[in-house]
Amino acid sequence: MPEGSAALQLQVGDRVVYPNQGVCRVAAIDVKEVAGQKLTFVTMRREEDGAVVMVPEGKIISIGVRKVASVADVEEIYAFLRSDSDKADLDWKQRARTNLDRMTQGGILGLAEVVKGLQVLSELRPLPTKERELYDNARHLLVSEVAAALGTAEANAEDSIDIVLFPPGRERPKRTAAEFARPGGEEDDMDLDGDLMGLEGGELDLPSDEEPPAEPEEESSEEGSEEEGEASEEGSDDAPKKRGRPPKAKPADEGGEPAAPKKRGRPPKPKPEVTADSAAEPAAPKKRGRPPKAKPPEGAEPAEPAAPKKRGRPPKAKPPEGE
Amino acid sequence: MIRVVTLDPFDDKQLAKFNRTLYTAFGVGSEHSGAAELPAGMSEPLDAEKLLDEVKGVRAYKDDKVLLLTSRKLKDRELLSGKAPTTGFARYGKDRAVLTIAPFKDLEKDFKPIARHALHQLGTLWELHHCLDPRCSMYPPWTPSFNQGDHIFCTFCREKSEQKIRLAKS
């Protein structure tokens, strides 16, 4: 929770910061009757665009509304931004969660942490789209609050922040993954996966690593069940690569046996399930069930227990019990 | 509409090329809208903020963005965290910006960096913040590599500026 929020006393004309929305000015504090209850509402108008929000007075603290930071707070922010201690979290899930908390409940320092963290991360590699948007939002909120705190133009506030983040005459350092690595060293892999979701450069590479293993497994399992184990043993190493590229190669390799897979493949998927359940019965259900497709599975059940059907209409669960 | 207003004499051909570049970058019409006079009593280096407030003789519609172009130096701004080198200044989300070509030799010879600075200032008028991508024109302009880049935006900044322009049109 923001500092001092427990003792937040608002008056008309006060400047406050609404989390994730920006700097607002208290326009009115009214008592209104809602559903028979008299509630005190604080009406705030966002300075940026004039959007109005009314919040019950009792919810002000829980929402995280706070007063605009002071000049001393801003100087602390500059000191924080100037420090080189912040290392970005390489686990994107953890990072997203932390940044969300910082944005909503972290106050001005939380905004600065988001900006600094993502800026440091960008020195390692370009930010994914979502994080780039988050960075822009955090920067916008930070700039507007600093401008409000210093009573200066937003352009000046942004420049004063960036003079700290991008010192004049100096290029940004280029980071390496080793700088962010923790003692465990396993997070690098997790991070690569996470950044792929954000349009990282290696998009094309990882799917090729992830997907091919899945396909060969399915193929090998089918073949393994139908064919001899020799073929699978021979191609255990090479199979994933060869099969991954041309999937049509299977029928050519095995002459007589592929007939079974073809039969299964032609009809729609539900059919094999029906045949598997009852092999001898399907002939009768087909004739009865052709007009409506849903009937065959139902028709198969009532055909045998004709009597139970009349008795058992209310509870449909009976047929499975009988089977 | 982008309106380039000159505070000092410039070559018309160079200005036409400059306007074409702005048109290409933003997809919005850009033209040289004449000259304006410096406020009385203002001496070099010029105070950019004061200049924007006090300059007279600029005619523009409400949605227009005005870029004042001068060959005189602008005074560096003293900010809480230090001194900000100032080749230009724009009010965030407002309608006026100023750009100086004083750090450069000529609008023709140093066209690329000047156009890059112009994009930066106009981007600020369309509510773009500083960017993390060194190739983008919204990268902080005082960094050493800024003047070596092309006058382009990164994908994020381009899309955001297009969105802002669409909103302004509607």
# chains A, B, ... in the order shown; residues from 1 in each chain; ligands from 1
call {"tool": "interface_residues", "arguments": {"of": "chain B", "to": "chain A", "cutoff": "12 Å", "atoms": "only C-alpha atoms", "output": "count of residues only"}}
result
50
call {"tool": "select_by_dssp", "arguments": {"residues": "segment 4-45 of chain B", "states": "alpha helix (DSSP H)", "output": "ChimeraX atom specification"}}
result
/B:12-26
call {"tool": "write_last_selection", "arguments": {"atoms": "C-alpha atoms", "output": "PDB file, in the first residue's frame"}}
result
ATOM      1  CA  ASP B  12      12.736  26.984 -50.357  1.00  0.00           C
ATOM      2  CA  LYS B  13      13.967  23.803 -52.017  1.00  0.00           C
ATOM      3  CA  GLN B  14      15.393  22.539 -48.772  1.00  0.00           C
ATOM      4  CA  LEU B  15      12.185  23.369 -46.985  1.00  0.00           C
ATOM      5  CA  ALA B  16      10.194  21.514 -49.625  1.00  0.00           C
ATOM      6  CA  LYS B  17      12.377  18.460 -49.130  1.00  0.00           C
ATOM      7  CA  PHE B  18      12.021  18.833 -45.381  1.00  0.00           C
ATOM      8  CA  ASN B  19       8.228  18.913 -45.701  1.00  0.00           C
ATOM      9  CA  ARG B  20       8.225  15.846 -47.907  1.00  0.00           C
ATOM     10  CA  THR B  21      10.161  13.990 -45.248  1.00  0.00           C
ATOM     11  CA  LEU B  22       7.689  14.954 -42.556  1.00  0.00           C
ATOM     12  CA  TYR B  23       4.813  13.932 -44.792  1.00  0.00           C
ATOM     13  CA  THR B  24       6.409  10.548 -45.376  1.00  0.00           C
ATOM     14  CA  ALA B  25       7.048   9.984 -41.703  1.00  0.00           C
ATOM     15  CA  PHE B  26       3.602  10.857 -40.387  1.00  0.00           C
TER      16      PHE B  26
END
call {"tool": "select_by_dssp", "arguments": {"residues": "segment 25-105 of chain A", "states": "strand (DSSP E)", "output": "compact mmCIF listing (two decimals) with N, CA and C atoms, in the first residue's frame"}}
result
# COMPACT_ATOMS: atom_id res chain seq x y z
N ARG A 25 -7.50 15.51 -10.24
CA ARG A 25 -7.77 16.57 -9.28
C ARG A 25 -9.15 16.31 -8.66
N VAL A 26 -9.22 16.45 -7.35
CA VAL A 26 -10.50 16.22 -6.68
C VAL A 26 -11.44 17.36 -7.06
N ALA A 27 -12.53 16.99 -7.73
CA ALA A 27 -13.46 18.01 -8.22
C ALA A 27 -14.58 18.28 -7.21
N ALA A 28 -14.97 17.24 -6.49
CA ALA A 28 -16.07 17.43 -5.53
C ALA A 28 -16.08 16.28 -4.54
N ILE A 29 -16.64 16.56 -3.38
CA ILE A 29 -16.88 15.51 -2.39
C ILE A 29 -18.35 15.66 -1.97
N ASP A 30 -19.18 14.73 -2.43
CA ASP A 30 -20.63 14.84 -2.25
C ASP A 30 -21.18 13.65 -1.47
N VAL A 31 -22.30 13.90 -0.84
CA VAL A 31 -23.04 12.79 -0.23
C VAL A 31 -24.20 12.47 -1.16
N LYS A 32 -24.27 11.21 -1.57
CA LYS A 32 -25.34 10.80 -2.49
C LYS A 32 -26.04 9.58 -1.93
N GLU A 33 -27.31 9.47 -2.31
CA GLU A 33 -28.07 8.34 -1.83
C GLU A 33 -28.09 7.26 -2.91
N VAL A 34 -27.58 6.12 -2.56
CA VAL A 34 -27.52 5.00 -3.50
C VAL A 34 -28.18 3.80 -2.83
N GLN A 37 -28.91 4.03 0.74
CA GLN A 37 -27.81 4.35 1.66
C GLN A 37 -27.20 5.68 1.29
N LYS A 38 -26.81 6.43 2.28
CA LYS A 38 -26.14 7.69 2.01
C LYS A 38 -24.63 7.45 2.04
N LEU A 39 -24.03 7.70 0.89
CA LEU A 39 -22.58 7.48 0.76
C LEU A 39 -21.88 8.77 0.36
N THR A 40 -20.69 8.91 0.85
CA THR A 40 -19.88 10.07 0.46
C THR A 40 -19.00 9.67 -0.74
N PHE A 41 -19.16 10.40 -1.82
CA PHE A 41 -18.39 10.12 -3.03
C PHE A 41 -17.35 11.20 -3.28
N VAL A 42 -16.19 10.75 -3.65
CA VAL A 42 -15.14 11.69 -4.06
C VAL A 42 -15.10 11.68 -5.59
N THR A 43 -15.33 12.82 -6.18
CA THR A 43 -15.30 12.93 -7.64
C THR A 43 -13.94 13.46 -8.07
N MET A 44 -13.29 12.68 -8.93
CA MET A 44 -11.95 13.08 -9.39
C MET A 44 -11.97 13.25 -10.91
N ARG A 45 -11.26 14.25 -11.35
CA ARG A 45 -11.18 14.51 -12.78
C ARG A 45 -9.73 14.34 -13.23
N ARG A 46 -9.54 13.45 -14.19
CA ARG A 46 -8.17 13.21 -14.67
C ARG A 46 -7.67 14.43 -15.43
N VAL A 52 -13.84 11.66 -15.75
CA VAL A 52 -14.30 11.81 -14.37
C VAL A 52 -14.56 10.44 -13.76
N VAL A 53 -14.16 10.27 -12.52
CA VAL A 53 -14.44 9.04 -11.81
C VAL A 53 -14.94 9.40 -10.42
N MET A 54 -15.99 8.66 -9.97
CA MET A 54 -16.52 8.88 -8.61
C MET A 54 -16.21 7.63 -7.79
N VAL A 55 -15.63 7.84 -6.65
CA VAL A 55 -15.24 6.72 -5.79
C VAL A 55 -15.83 6.94 -4.41
N PRO A 56 -16.47 5.91 -3.82
CA PRO A 56 -16.92 6.05 -2.44
C PRO A 56 -15.73 6.35 -1.53
N ARG A 66 -3.61 8.02 -3.94
CA ARG A 66 -2.62 8.65 -3.04
C ARG A 66 -2.36 10.07 -3.51
N LYS A 67 -1.75 10.83 -2.64
CA LYS A 67 -1.44 12.21 -3.02
C LYS A 67 -0.22 12.22 -3.95
call {"tool": "atom_distance", "arguments": {"atom1": "atom CA of Gly149 of chain B", "atom2": "atom CA of Lys112 of chain B"}}
result
7.8 Å
call {"tool": "closest_residue", "arguments": {"among": "A:Gly110, A:Cys24, A:Glu131, A:Leu124", "to": "Lys93 of chain A", "atoms": "only C-alpha atoms"}}
result
A:Glu131
call {"tool": "closest_residue", "arguments": {"among": "A:Glu145, A:Glu76, A:Glu113, A:Glu179", "to": "Val23 of chain A", "atoms": "only C-alpha atoms"}}
result
A:Glu145
call {"tool": "atom_distance", "arguments": {"atom1": "atom CA of Ala36 of chain B", "atom2": "atom CA of Ile101 of chain B"}}
result
16.5 Å
call {"tool": "closest_residue", "arguments": {"among": "B:Leu68, B:Leu52, B:Val28, B:Ala40", "to": "Leu7 of chain B", "atoms": "only C-alpha atoms"}}
result
B:Leu68
call {"tool": "atom_distance", "arguments": {"atom1": "atom CA of Gly29 of chain B", "atom2": "atom CA of Leu122 of chain B"}}
result
13.0 Å
call {"tool": "closest_residue", "arguments": {"among": "B:Ile114, B:Arg96, B:Asp11, B:Leu74", "to": "Glu54 of chain B", "atoms": "only C-alpha atoms"}}
result
B:Arg96
call {"tool": "residues_around", "arguments": {"residues": "Lys73 of chain B", "least_positions_apart": "5", "cutoff": "9 Å", "atoms": "only C-alpha atoms", "output": "JSON list (two decimals) with N, CA and C atoms, in the first residue's frame"}}
result
[["chain", "number", "residue", "atom", "x", "y", "z"],
["B", 44, "GLU", "N", 19.84, 35.50, -28.24],
["B", 44, "GLU", "CA", 20.44, 34.18, -28.38],
["B", 44, "GLU", "C", 21.35, 33.89, -27.18],
["B", 45, "PRO", "N", 21.37, 32.70, -26.62],
["B", 45, "PRO", "CA", 20.52, 31.55, -26.98],
["B", 45, "PRO", "C", 19.09, 31.74, -26.52],
["B", 46, "LEU", "N", 18.19, 31.23, -27.32],
["B", 46, "LEU", "CA", 16.76, 31.46, -27.08],
["B", 46, "LEU", "C", 16.23, 30.50, -26.02],
["B", 86, "THR", "N", 19.59, 21.04, -25.49],
["B", 86, "THR", "CA", 18.32, 21.38, -26.15],
["B", 86, "THR", "C", 18.56, 21.77, -27.60],
["B", 87, "THR", "N", 18.22, 20.84, -28.49],
["B", 87, "THR", "CA", 18.20, 21.17, -29.92],
["B", 87, "THR", "C", 16.77, 21.47, -30.35],
["B", 100, "THR", "N", 16.04, 23.88, -33.60],
["B", 100, "THR", "CA", 17.14, 24.70, -34.11],
["B", 100, "THR", "C", 18.08, 23.83, -34.95],
["B", 101, "ILE", "N", 18.65, 24.45, -35.95],
["B", 101, "ILE", "CA", 19.64, 23.73, -36.74],
["B", 101, "ILE", "C", 21.04, 24.25, -36.39],
["B", 102, "ALA", "N", 21.13, 25.01, -35.29],
["B", 102, "ALA", "CA", 22.42, 25.60, -34.91],
["B", 102, "ALA", "C", 23.54, 24.58, -34.71],
["B", 103, "PRO", "N", 23.26, 23.42, -34.10],
["B", 103, "PRO", "CA", 24.36, 22.47, -33.92],
["B", 103, "PRO", "C", 24.85, 21.86, -35.23]]
